[in-house]
$ cat data31.txt   # compact mmCIF, C-alpha atoms and all ligand atoms
# COMPACT_ATOMS: atom_id res chain seq x y z
CA MET A 1 57.20 138.80 104.69
CA SER A 2 55.43 137.42 101.63
CA GLN A 3 51.99 135.91 102.05
CA THR A 4 53.31 132.42 101.50
CA ASP A 5 55.52 133.00 104.56
CA PHE A 6 52.55 133.95 106.72
CA ASP A 7 52.18 131.11 109.20
CA ILE A 8 48.44 130.67 108.93
CA ASP A 9 48.59 127.26 110.66
CA ARG A 10 50.15 128.84 113.72
CA ALA A 11 47.65 131.70 113.66
CA ARG A 12 44.76 129.24 113.62
CA ARG A 13 46.32 126.91 116.18
CA GLU A 14 46.66 129.85 118.54
CA THR A 15 43.03 130.88 117.94
CA ARG A 16 40.95 128.27 119.74
CA GLY A 17 37.70 129.65 118.34
CA CYS A 18 38.77 128.61 114.83
CA GLY A 19 37.87 125.07 115.86
CA THR A 20 34.23 125.93 116.45
CA ILE A 21 33.18 128.75 114.16
CA ILE A 22 33.95 130.64 110.97
CA HIS A 23 34.30 134.11 112.32
CA PHE A 24 33.86 136.91 109.82
CA ASN A 25 32.83 139.47 112.44
CA ASN A 26 36.24 140.85 113.33
CA ALA A 27 34.98 144.40 112.93
CA GLY A 28 32.57 143.58 115.77
CA ALA A 29 34.97 141.66 117.99
CA SER A 30 37.76 139.34 116.85
CA LEU A 31 38.34 135.90 118.26
CA PRO A 32 41.08 136.59 120.80
CA PRO A 33 44.24 134.47 120.57
CA ALA A 34 45.15 131.91 123.23
CA PRO A 35 47.99 133.95 124.84
CA VAL A 36 45.54 136.81 125.49
CA CYS A 37 42.79 134.57 126.87
CA ASP A 38 45.25 132.63 129.03
CA VAL A 39 46.68 135.72 130.68
CA VAL A 40 43.20 137.14 131.36
CA HIS A 41 41.92 133.84 132.79
CA GLN A 42 44.99 133.49 135.01
CA TYR A 43 44.67 137.05 136.27
CA LEU A 44 41.00 136.56 137.14
CA GLN A 45 41.86 133.32 138.91
CA GLN A 46 44.50 135.12 140.95
CA GLU A 47 41.94 137.78 141.86
CA GLU A 48 39.55 135.04 142.92
CA LEU A 49 42.12 133.37 145.14
CA GLN A 50 44.23 136.28 146.38
CA GLY A 51 42.16 139.46 146.20
CA GLY A 52 41.96 142.18 143.56
CA TYR A 53 44.15 144.83 145.23
CA GLU A 54 46.81 142.32 146.21
CA VAL A 55 47.09 140.93 142.68
CA MET A 56 47.19 144.43 141.23
CA GLU A 57 50.24 145.18 143.37
CA LYS A 58 51.99 141.94 142.53
CA GLN A 59 51.32 142.37 138.82
CA ALA A 60 52.13 146.09 138.73
CA GLU A 61 54.98 145.69 136.26
CA ALA A 62 53.03 143.41 133.93
CA LEU A 63 50.08 145.82 134.02
CA GLU A 64 52.39 148.70 133.06
CA ASN A 65 53.28 146.82 129.90
CA PHE A 66 50.00 148.02 128.35
CA TYR A 67 51.44 151.56 128.13
CA ALA A 68 54.80 150.47 126.72
CA ALA A 69 53.17 148.12 124.19
CA SER A 70 50.74 150.83 123.03
CA ALA A 71 53.64 153.25 122.63
CA ARG A 72 55.51 150.69 120.51
CA LEU A 73 52.38 150.12 118.42
CA LEU A 74 51.82 153.81 117.70
CA ASN A 75 55.42 155.06 117.80
CA CYS A 76 54.82 157.48 120.65
CA ASN A 77 55.83 157.95 124.27
CA HIS A 78 54.14 155.81 126.93
CA GLU A 79 53.21 159.01 128.76
CA GLU A 80 50.95 159.89 125.83
CA ILE A 81 48.81 156.76 126.38
CA ALA A 82 45.72 156.33 128.55
CA PHE A 83 43.82 153.13 129.25
CA VAL A 84 40.09 153.49 128.57
CA ASP A 85 37.18 151.11 128.56
CA SER A 86 36.19 151.77 124.94
CA ALA A 87 37.07 153.83 121.92
CA THR A 88 34.00 155.95 122.56
CA ARG A 89 35.15 156.79 126.09
CA GLY A 90 38.59 157.82 124.83
CA TRP A 91 37.19 159.86 121.97
CA SER A 92 34.66 161.70 124.09
CA MET A 93 36.98 162.41 127.03
CA VAL A 94 39.16 164.41 124.67
CA PHE A 95 36.42 165.83 122.47
CA TYR A 96 34.60 167.33 125.46
CA ALA A 97 37.89 168.79 126.70
CA PHE A 98 38.01 171.28 123.81
CA ASP A 99 36.93 174.75 124.81
CA PHE A 100 34.74 175.42 121.77
CA GLN A 101 33.20 178.85 121.31
CA PRO A 102 30.10 179.80 119.31
CA GLY A 103 30.95 179.89 115.61
CA ASP A 104 33.90 177.50 115.91
CA ARG A 105 33.96 174.82 113.25
CA ILE A 106 34.60 171.11 113.47
CA LEU A 107 35.46 169.50 110.15
CA THR A 108 34.58 165.86 109.72
CA GLY A 109 33.87 163.31 106.98
CA SER A 110 30.97 161.23 105.75
CA ALA A 111 32.41 158.09 107.37
CA GLU A 112 32.25 159.51 110.89
CA TYR A 113 31.12 157.01 113.49
CA GLY A 114 27.61 157.57 114.85
CA SER A 115 28.64 158.02 118.47
CA ASN A 116 31.14 160.73 117.56
CA LEU A 117 28.48 162.51 115.58
CA THR A 118 26.08 162.40 118.53
CA ALA A 119 28.66 164.15 120.70
CA MET A 120 29.32 166.76 118.00
CA LEU A 121 25.59 167.42 117.65
CA GLN A 122 25.31 167.91 121.40
CA GLN A 123 28.12 170.47 121.40
CA ALA A 124 26.60 172.15 118.37
CA ARG A 125 23.33 172.52 120.27
CA ARG A 126 24.94 173.53 123.56
CA LEU A 127 27.73 175.81 122.35
CA GLY A 128 26.80 176.88 118.84
CA VAL A 129 29.72 175.15 117.16
CA GLU A 130 29.27 174.28 113.53
CA ILE A 131 29.77 170.75 112.22
CA VAL A 132 30.98 170.92 108.63
CA PHE A 133 31.18 167.81 106.48
CA VAL A 134 34.09 167.69 104.08
CA PRO A 135 32.83 166.22 100.79
CA ASP A 136 34.00 162.86 99.51
CA ASP A 137 36.13 162.49 96.42
CA ALA A 138 35.19 160.24 93.49
CA HIS A 139 36.32 157.15 95.45
CA GLY A 140 34.15 157.93 98.48
CA GLN A 141 37.04 158.90 100.73
CA ILE A 142 37.50 162.32 102.30
CA ASP A 143 38.44 164.86 99.59
CA CYS A 144 41.74 166.34 100.76
CA GLN A 145 41.71 169.17 98.23
CA ALA A 146 38.27 170.25 99.46
CA LEU A 147 39.51 169.93 103.05
CA LYS A 148 42.50 172.15 102.29
CA GLU A 149 40.22 174.84 100.92
CA MET A 150 38.01 174.69 104.02
CA LEU A 151 40.82 175.34 106.51
CA ASP A 152 40.58 178.79 108.06
CA GLU A 153 40.73 180.41 111.49
CA ARG A 154 37.23 179.19 112.36
CA VAL A 155 38.28 175.53 112.25
CA LYS A 156 39.18 174.32 115.75
CA LEU A 157 39.22 170.57 115.18
CA ILE A 158 39.45 168.01 112.39
CA ALA A 159 37.81 164.75 113.45
CA LEU A 160 38.13 161.79 111.12
CA THR A 161 37.17 158.14 111.23
CA HIS A 162 40.05 156.26 109.62
CA VAL A 163 38.12 153.13 108.68
CA PRO A 164 34.34 153.24 109.04
CA SER A 165 32.44 150.61 110.91
CA GLY A 166 30.38 149.77 107.86
CA GLY A 167 32.69 149.37 104.88
CA GLY A 168 36.10 148.68 103.38
CA LEU A 169 37.11 152.31 102.96
CA ILE A 170 40.47 153.48 104.33
CA ASN A 171 40.45 157.25 104.65
CA PRO A 172 43.75 158.96 103.72
CA ALA A 173 44.59 159.81 107.32
CA ALA A 174 48.21 160.81 106.65
CA GLU A 175 47.19 163.36 104.00
CA VAL A 176 44.58 164.81 106.35
CA GLY A 177 47.14 164.85 109.15
CA LYS A 178 49.64 166.76 107.06
CA LEU A 179 47.08 169.44 106.23
CA ALA A 180 46.04 169.71 109.86
CA TRP A 181 49.66 169.89 111.00
CA TYR A 182 50.58 172.76 108.64
CA ALA A 183 47.42 174.61 109.61
CA GLY A 184 48.09 174.05 113.35
CA ILE A 185 44.66 172.50 113.85
CA PRO A 186 44.30 169.50 116.17
CA PHE A 187 43.56 166.25 114.38
CA LEU A 188 41.46 163.65 116.20
CA LEU A 189 41.58 160.23 114.55
CA ASP A 190 39.11 157.48 115.33
CA ALA A 191 41.26 154.42 114.65
CA CYS A 192 38.82 151.97 116.19
CA GLN A 193 38.59 149.78 113.07
CA SER A 194 42.10 150.36 111.76
CA LEU A 195 44.15 149.64 114.88
CA GLY A 196 45.42 146.08 114.58
CA GLN A 197 44.66 145.70 110.89
CA LEU A 198 46.85 148.51 109.49
CA PRO A 199 50.21 149.91 110.60
CA ILE A 200 49.61 153.20 112.41
CA ASP A 201 52.40 155.57 113.30
CA VAL A 202 51.04 158.73 114.92
CA ASN A 203 54.02 160.73 113.70
CA ARG A 204 53.71 159.60 110.12
CA ILE A 205 49.95 160.25 110.24
CA CYS A 206 50.51 163.51 112.11
CA CYS A 207 47.54 162.96 114.38
CA ASP A 208 47.34 164.64 117.76
CA ILE A 209 44.73 162.42 119.34
CA LEU A 210 43.81 158.85 118.50
CA CYS A 211 41.40 156.38 120.02
CA GLY A 212 41.04 152.65 119.53
CA THR A 213 39.34 149.68 121.07
CA GLY A 214 40.80 146.39 122.29
CA ARG A 215 38.27 143.88 121.07
CA LYS A 216 38.31 144.45 117.31
CA PHE A 217 41.35 143.95 115.08
CA LEU A 218 43.75 144.15 118.04
CA ARG A 219 42.18 140.92 119.33
CA GLY A 220 42.18 142.08 122.95
CA PRO A 221 39.52 141.61 125.63
CA ARG A 222 36.17 143.40 125.53
CA GLY A 223 35.81 146.48 127.72
CA THR A 224 39.29 147.76 126.90
CA GLY A 225 40.64 150.54 124.72
CA LEU A 226 43.42 153.04 124.36
CA LEU A 227 43.71 156.75 123.93
CA TYR A 228 46.74 158.59 122.57
CA VAL A 229 47.18 162.32 123.18
CA ARG A 230 50.24 164.08 121.78
CA LYS A 231 52.33 165.69 124.51
CA LYS A 232 51.92 169.21 123.18
CA TRP A 233 48.13 168.92 123.56
CA LEU A 234 48.12 167.36 126.99
CA ASP A 235 48.37 170.51 129.05
CA LYS A 236 45.93 172.31 126.77
CA LEU A 237 43.17 169.76 127.31
CA GLU A 238 41.52 169.58 130.71
CA PRO A 239 39.41 166.43 130.97
CA PRO A 240 35.66 167.09 131.30
CA LEU A 241 35.52 164.65 134.22
CA LEU A 242 38.11 164.48 136.97
CA ASN A 243 38.87 162.09 139.77
CA HIS A 244 41.74 161.70 142.22
CA HIS A 245 43.71 159.41 139.90
CA ALA A 246 43.56 161.90 137.02
CA ALA A 247 44.15 164.82 139.37
CA PRO A 248 45.59 163.82 142.76
CA LEU A 249 44.47 165.93 145.70
CA LEU A 250 47.19 168.11 147.23
CA SER A 251 44.96 169.09 150.14
CA ALA A 252 41.25 169.01 150.90
CA SER A 253 40.88 172.12 148.75
CA SER A 254 43.30 171.66 145.87
CA TYR A 255 44.39 169.15 143.26
CA ARG A 256 47.00 168.93 140.53
CA LEU A 257 46.20 167.49 137.13
CA ARG A 258 48.55 164.76 136.01
CA ASP A 259 50.97 165.81 133.28
CA ASP A 260 50.56 162.61 131.29
CA ALA A 261 47.67 161.13 129.33
CA ARG A 262 46.48 159.29 132.43
CA ARG A 263 44.65 162.51 133.28
CA PHE A 264 41.92 161.02 131.05
CA GLU A 265 41.67 157.80 133.06
CA CYS A 266 39.73 156.51 136.03
CA TRP A 267 41.53 154.60 138.74
CA GLU A 268 39.15 151.64 138.70
CA ARG A 269 39.22 149.54 135.57
CA HIS A 270 39.23 146.06 134.08
CA TYR A 271 42.76 145.14 135.25
CA ALA A 272 42.72 141.68 133.68
CA GLY A 273 41.61 143.41 130.48
CA GLN A 274 44.44 145.92 130.65
CA LEU A 275 46.93 143.09 131.03
CA GLY A 276 45.27 141.22 128.16
CA LEU A 277 45.28 144.23 125.86
CA GLY A 278 49.01 144.71 126.45
CA VAL A 279 49.56 141.06 125.51
CA ALA A 280 47.29 141.41 122.46
CA ILE A 281 49.25 144.43 121.24
CA ASP A 282 52.56 142.60 121.68
CA TYR A 283 51.05 139.62 119.89
CA ALA A 284 50.03 141.81 116.93
CA LEU A 285 53.49 143.38 116.88
CA GLY A 286 54.97 139.88 116.84
CA TRP A 287 53.14 139.17 113.59
CA GLY A 288 54.02 142.61 112.26
CA LEU A 289 51.38 145.13 111.25
CA GLU A 290 52.63 145.29 107.65
CA SER A 291 52.28 141.51 107.34
CA ILE A 292 48.86 141.57 108.97
CA ALA A 293 47.66 144.33 106.62
CA THR A 294 48.91 142.50 103.54
CA ARG A 295 47.38 139.21 104.62
CA ILE A 296 44.00 140.83 105.35
CA ALA A 297 44.02 142.80 102.09
CA THR A 298 44.75 139.63 100.12
CA LEU A 299 41.89 137.72 101.75
CA ALA A 300 39.44 140.60 101.44
CA GLY A 301 40.43 141.26 97.83
CA ARG A 302 39.73 137.64 97.01
CA LEU A 303 36.38 137.73 98.78
CA ARG A 304 35.30 140.87 96.89
CA THR A 305 36.31 139.33 93.56
CA GLU A 306 34.40 136.12 94.24
CA LEU A 307 31.33 137.86 95.63
CA GLN A 308 30.97 139.78 92.40
CA LEU A 309 30.58 136.50 90.55
CA ILE A 310 27.50 135.46 92.54
CA PRO A 311 24.25 136.52 90.81
CA GLY A 312 22.25 139.03 92.85
CA VAL A 313 25.17 140.19 95.05
CA SER A 314 26.17 143.87 95.04
CA LEU A 315 29.32 145.05 96.76
CA ALA A 316 29.00 148.24 98.78
CA ASP A 317 32.57 149.12 99.79
CA LEU A 318 33.91 152.57 98.99
CA GLY A 319 37.49 153.80 98.82
CA LEU A 320 40.59 153.74 96.69
CA LYS A 321 42.39 151.55 99.22
CA ARG A 322 40.29 148.96 101.00
CA CYS A 323 40.66 146.98 104.19
CA GLY A 324 39.32 143.73 105.62
CA ILE A 325 35.73 144.93 106.03
CA VAL A 326 33.67 143.65 103.11
CA THR A 327 30.09 144.86 102.76
CA PHE A 328 27.40 143.78 100.34
CA TYR A 329 23.68 143.27 99.86
CA THR A 330 21.72 140.82 97.79
CA ASP A 331 18.57 140.92 95.67
CA GLN A 332 17.32 137.65 97.17
CA LEU A 333 17.64 137.99 100.96
CA ALA A 334 17.60 140.87 103.42
CA ALA A 335 20.76 141.26 105.49
CA GLY A 336 19.17 140.05 108.73
CA GLU A 337 17.76 136.94 107.13
CA LEU A 338 21.06 136.11 105.49
CA GLN A 339 22.94 136.64 108.75
CA LYS A 340 20.58 134.19 110.48
CA LYS A 341 20.91 131.55 107.79
CA LEU A 342 24.70 131.84 107.78
CA ALA A 343 24.77 131.52 111.58
CA GLU A 344 22.91 128.21 111.22
CA LYS A 345 25.93 127.06 109.18
CA ARG A 346 28.33 128.29 111.89
CA ILE A 347 29.39 131.39 109.98
CA ASN A 348 29.43 134.70 111.86
CA VAL A 349 28.80 137.83 109.83
CA SER A 350 27.16 141.05 110.97
CA ARG A 351 24.98 143.83 109.62
CA VAL A 352 25.67 147.53 109.33
CA PRO A 353 23.15 149.46 111.43
CA PHE A 354 22.22 153.05 110.55
CA SER A 355 23.93 154.26 113.73
CA ALA A 356 27.35 153.02 112.58
CA ASN A 357 27.63 155.37 109.61
CA PRO A 358 24.62 157.69 109.68
CA VAL A 359 25.94 160.23 107.16
CA GLN A 360 26.82 157.69 104.49
CA ALA A 361 23.62 155.75 105.20
CA GLU A 362 21.56 158.89 104.50
CA GLN A 363 23.58 159.79 101.44
CA ARG A 364 23.64 156.35 99.84
CA GLN A 365 20.16 155.02 100.66
CA LEU A 366 21.26 151.41 100.23
CA PRO A 367 19.45 148.41 101.72
CA GLU A 368 20.85 147.16 105.00
CA LEU A 369 24.34 145.75 104.38
CA VAL A 370 25.89 142.43 105.33
CA ARG A 371 29.37 142.88 106.77
CA ALA A 372 31.97 140.12 106.44
CA SER A 373 35.06 141.40 108.21
CA LEU A 374 38.17 139.28 107.86
CA HIS A 375 41.28 138.87 109.96
CA TYR A 376 44.62 137.26 109.22
CA TYR A 377 43.63 134.01 110.93
CA ASN A 378 40.76 133.44 108.49
CA SER A 379 41.67 130.90 105.86
CA ASP A 380 41.10 130.41 102.14
CA GLU A 381 39.13 127.26 102.98
CA GLU A 382 36.80 129.33 105.17
CA LEU A 383 36.27 131.78 102.32
CA GLU A 384 35.46 128.94 99.93
CA TYR A 385 32.99 127.37 102.37
CA PHE A 386 31.33 130.74 102.96
CA LEU A 387 31.03 131.45 99.23
CA ASP A 388 29.56 127.99 98.58
CA ILE A 389 26.99 128.36 101.33
CA LEU A 390 26.11 131.89 100.28
CA GLY A 391 25.72 130.82 96.66
CA SER A 392 23.38 127.99 97.52
CA LEU A 393 21.34 130.08 100.02
CA LEU A 394 20.78 132.71 97.35
CA LYS A 395 19.99 130.16 94.64
CA ASN A 396 17.33 128.56 96.82
CA ALA A 397 15.87 131.80 98.17
C1 LIG B 1 34.75 153.45 113.62
C2 LIG B 1 34.32 153.17 115.02
N1 LIG B 1 34.56 154.10 115.97
C3 LIG B 1 34.19 153.90 117.24
C4 LIG B 1 33.55 152.75 117.62
C5 LIG B 1 33.15 152.58 119.05
O1 LIG B 1 33.99 151.70 119.71
P1 LIG B 1 33.65 151.26 121.20
O2 LIG B 1 32.45 150.37 121.10
O3 LIG B 1 34.87 150.56 121.68
O4 LIG B 1 33.36 152.48 121.95
C6 LIG B 1 33.28 151.75 116.68
C7 LIG B 1 32.58 150.54 117.07
O5 LIG B 1 32.07 149.77 116.29
C8 LIG B 1 33.68 151.97 115.34
O6 LIG B 1 33.45 151.06 114.40
$ encode --input "data31.txt" --output "structure tokens" --more "lines below"
Ligand SMILES: Cc1ncc(COP(=O)(O)O)c(C=O)c1O
Amino acid sequence: MSQTDFDIDRARRETRGCGTIIHFNNAGASLPPAPVCDVVHQYLQQEELQGGYEVMEKQAEALENFYAASARLLNCNHEEIAFVDSATRGWSMVFYAFDFQPGDRILTGSAEYGSNLTAMLQQARRLGVEIVFVPDDAHGQIDCQALKEMLDERVKLIALTHVPSGGGLINPAAEVGKLAWYAGIPFLLDACQSLGQLPIDVNRICCDILCGTGRKFLRGPRGTGLLYVRKKWLDKLEPPLLNHHAAPLLSASSYRLRDDARRFECWERHYAGQLGLGVAIDYALGWGLESIATRIATLAGRLRTELQLIPGVSLADLGLKRCGIVTFYTDQLAAGELQKKLAEKRINVSRVPFSANPVQAEQRQLPELVRASLHYYNSDEELEYFLDILGSLLKNA
């Protein structure tokens, strides 16, 4: 589909929030589309009127769609999918399942998400594992040649953030996956910011474990996420926390772990959210991930080009290939002040806190960044309005 074929009017019509706000905080949480909100509202109404357990039974088939839709999205089997309440929960349930020994190495990159790093640091302290940062190449993405040279028998996990929270970088996940695959090392991909804005096929990327969240580029409800675990790793990874959904009791003194990825789940969950995330994934698939990626890249490319023309604005995005997350800082106004002034004009942007990308923040020592993260439903007119307002705020600062 060419960009002129992209039905932007339909996308905006089906995004009720477009009528009230210019939302450039899709890397925080996207405006969900009407079909997602409608199904969640209806489900909650049914719970209100009929009872939570009763609705769950009646809607069992519709709720199951989350697994099938996720499998279609990632090109995997539905048994390799777990429903989680956040990307962090999914990531850590699997990370803490690895039986690391003192001296084992975890390879990661400079874009690693703060929460993942916290967990790695805890295991380093507890177990004596070593966290080794693969250097960046000249474009600021993970250096695959350096990674290749670092692979040896000490490496027990490669953990990579595909797209960082705080910038436009797209790490070359498929190249990393190939190296991991040939070396027989598990590859854990944090796809929190890439899921829904880029096509992701777990077999093409060769990742063994992947986590993502519902609320960002997938446009699902908050408090939802998904976890993918490749079948061959399932029986090697015992979840750090068990319950009788993950491991049904056989008797008062024994249980049996589930064979599928639901061994990483809890029984209780946000059922309306699960239904909504399934609908959001189908909705994204309806647009087509290739089309979405092209549309976002076109918008973000235009924004970067135009931002560079505004005096005092410095772009901060790294990477050879870039996504819809555009970061910058200005000589005139600090990020927080700018965010506030833009909000007064009904424009949502966000800032990049240290905790989002601690390694890059330490390495780069930049001022706090403004993050304008675009989705396919954002329009050229919104970009123009934003650029006008930004230009005049900076001129008058
Ligand atoms: C790259 C990345 N990974 C993980 C997360 C955590 O996602 P969640 O809040 O769903 O746990 C975020 C959230 O911003 C993120 O940007």
$ residues_near_ligand --input "data31.txt" --ligand "ligand LIG 1 (chain B)" --cutoff "7 Å" --atoms "all atoms listed in the file" --output "list of chain:residue names"
A:Ala27, A:Gly28, A:Ser86, A:Ala87, A:Thr88, A:Arg89, A:Tyr113, A:Thr161, A:Val163, A:Pro164, A:Ser165, A:Asp190, A:Ala191, A:Cys192, A:Gln193, A:Gly212, A:Thr213, A:Gly225, A:Ala356
$ closest_residue --input "data31.txt" --among "A:Leu242, A:Leu63, A:Leu179, A:Ile8" --to "A:Arg269" --atoms "all atoms listed in the file"
A:Leu63
$ atom_distance --input "data31.txt" --atom1 "atom CA of A:Thr327" --atom2 "atom CA of A:Arg371"
4.5 Å
$ atom_distance --input "data31.txt" --atom1 "atom CA of A:Met93" --atom2 "atom CA of A:Ala68"
21.5 Å
$ residues_around --input "data31.txt" --residues "A:Ala62" --least-positions-apart "6" --cutoff "12 Å" --atoms "all atoms listed in the file" --output "VMD selection string"
chain A and resid 39 to 40 43 55 to 56 68 to 69 271 to 279
$ closest_atom_pairs --input "data31.txt" --of "stretch 287-322 of chain A" --to "stretch 333-341 of chain A" --cutoff "12 Å" --atoms "only C-alpha atoms" --output "Markdown table"
| residue | atom | partner | partner_atom | distance |
| --- | --- | --- | --- | --- |
| A:Gly312 | CA | A:Leu333 | CA | 9.4 |
| A:Val313 | CA | A:Leu333 | CA | 9.8 |
| A:Ser314 | CA | A:Leu333 | CA | 11.9 |
$ write_last_selection --input "data31.txt" --atoms "C-alpha atoms" --output "PDB file, keeping the file's coordinate frame"
ATOM      1  CA  GLY A 312      22.250 139.030  92.850  1.00  0.00           C
ATOM      2  CA  VAL A 313      25.170 140.190  95.050  1.00  0.00           C
ATOM      3  CA  SER A 314      26.170 143.870  95.040  1.00  0.00           C
TER       4      SER A 314
END
$ residues_around --input "data31.txt" --residues "stretch 381-388 of chain A" --least-positions-apart "6" --cutoff "9 Å" --atoms "all atoms listed in the file" --output "list in words"
Ile22, His23, Leu299, Arg302, Leu303, Glu306, Leu307, Ile310, Leu342 and Ile347 of chain A
$ closest_atom_pairs --input "data31.txt" --of "stretch 56-138 of chain A" --to "stretch 317-323 of chain A" --cutoff "12 Å" --atoms "all atoms listed in the file" --output "CSV"
residue,atom,partner,partner_atom,distance
A:Ser110,CA,A:Leu318,CA,11.4
A:Ala111,CA,A:Leu318,CA,10.1
A:Asp136,CA,A:Gly319,CA,9.7
A:Asp137,CA,A:Gly319,CA,9.1
A:Ala138,CA,A:Gly319,CA,8.7
$ write_last_selection --input "data31.txt" --atoms "C-alpha atoms" --output "mmCIF file, in the coordinates of the input"
data_model
loop_
_atom_site.group_PDB
_atom_site.id
_atom_site.type_symbol
_atom_site.label_atom_id
_atom_site.label_comp_id
_atom_site.auth_asym_id
_atom_site.auth_seq_id
_atom_site.Cartn_x
_atom_site.Cartn_y
_atom_site.Cartn_z
ATOM 1 C CA SER A 110 30.970 161.230 105.750
ATOM 2 C CA ALA A 111 32.410 158.090 107.370
ATOM 3 C CA ASP A 136 34.000 162.860 99.510
ATOM 4 C CA ASP A 137 36.130 162.490 96.420
ATOM 5 C CA ALA A 138 35.190 160.240 93.490
#
$ residues_around --input "data31.txt" --residues "A:Leu73" --least-positions-apart "5" --cutoff "8 Å" --atoms "only C-alpha atoms" --output "VMD selection string"
chain A and resid 200 to 201 281 285
$ atom_distance --input "data31.txt" --atom1 "atom CA of A:Glu57" --atom2 "atom CA of A:Asp282"
22.0 Å
$ closest_residue --input "data31.txt" --among "A:Arg256, A:Val352, A:Ala280, A:Ile158" --to "A:Arg219" --atoms "all atoms listed in the file"
A:Ala280
$ residues_around --input "data31.txt" --residues "A:Leu31" --least-positions-apart "4" --cutoff "9 Å" --atoms "all atoms listed in the file" --output "PyMOL selection string"
chain A and resi 15-18+23+25-26+215-216+219-220
$ write_last_selection --input "data31.txt" --atoms "C-alpha atoms" --output "short mmCIF file (atom, residue, chain, number, x, y, z; two decimals), keeping the file's coordinate frame"
data_model
loop_
_atom_site.label_atom_id
_atom_site.label_comp_id
_atom_site.auth_asym_id
_atom_site.auth_seq_id
_atom_site.Cartn_x
_atom_site.Cartn_y
_atom_site.Cartn_z
CA THR A 15 43.03 130.88 117.94
CA ARG A 16 40.95 128.27 119.74
CA GLY A 17 37.70 129.65 118.34
CA CYS A 18 38.77 128.61 114.83
CA HIS A 23 34.30 134.11 112.32
CA ASN A 25 32.83 139.47 112.44
CA ASN A 26 36.24 140.85 113.33
CA ARG A 215 38.27 143.88 121.07
CA LYS A 216 38.31 144.45 117.31
CA ARG A 219 42.18 140.92 119.33
CA GLY A 220 42.18 142.08 122.95
#
$ closest_atom_pairs --input "data31.txt" --of "stretch 13-127 of chain A" --to "stretch 203-211 of chain A" --cutoff "10 Å" --atoms "all atoms listed in the file" --output "CSV"
residue,atom,partner,partner_atom,distance
A:Leu74,CA,A:Asn203,CA,8.3
A:Asn75,CA,A:Asn203,CA,7.1
A:Cys76,CA,A:Asn203,CA,7.7
A:Glu80,CA,A:Ile209,CA,9.3
A:Ile81,CA,A:Leu210,CA,9.6
A:Ala82,CA,A:Cys211,CA,9.6
A:Val84,CA,A:Cys211,CA,9.1
A:Ser86,CA,A:Cys211,CA,8.5
A:Ala87,CA,A:Cys211,CA,5.4
A:Thr88,CA,A:Cys211,CA,7.8
A:Arg89,CA,A:Cys211,CA,8.7
A:Gly90,CA,A:Cys211,CA,5.8
A:Trp91,CA,A:Cys211,CA,5.8
A:Ser92,CA,A:Cys211,CA,9.5
A:Val94,CA,A:Ile209,CA,8.0
A:Phe95,CA,A:Ile209,CA,9.5
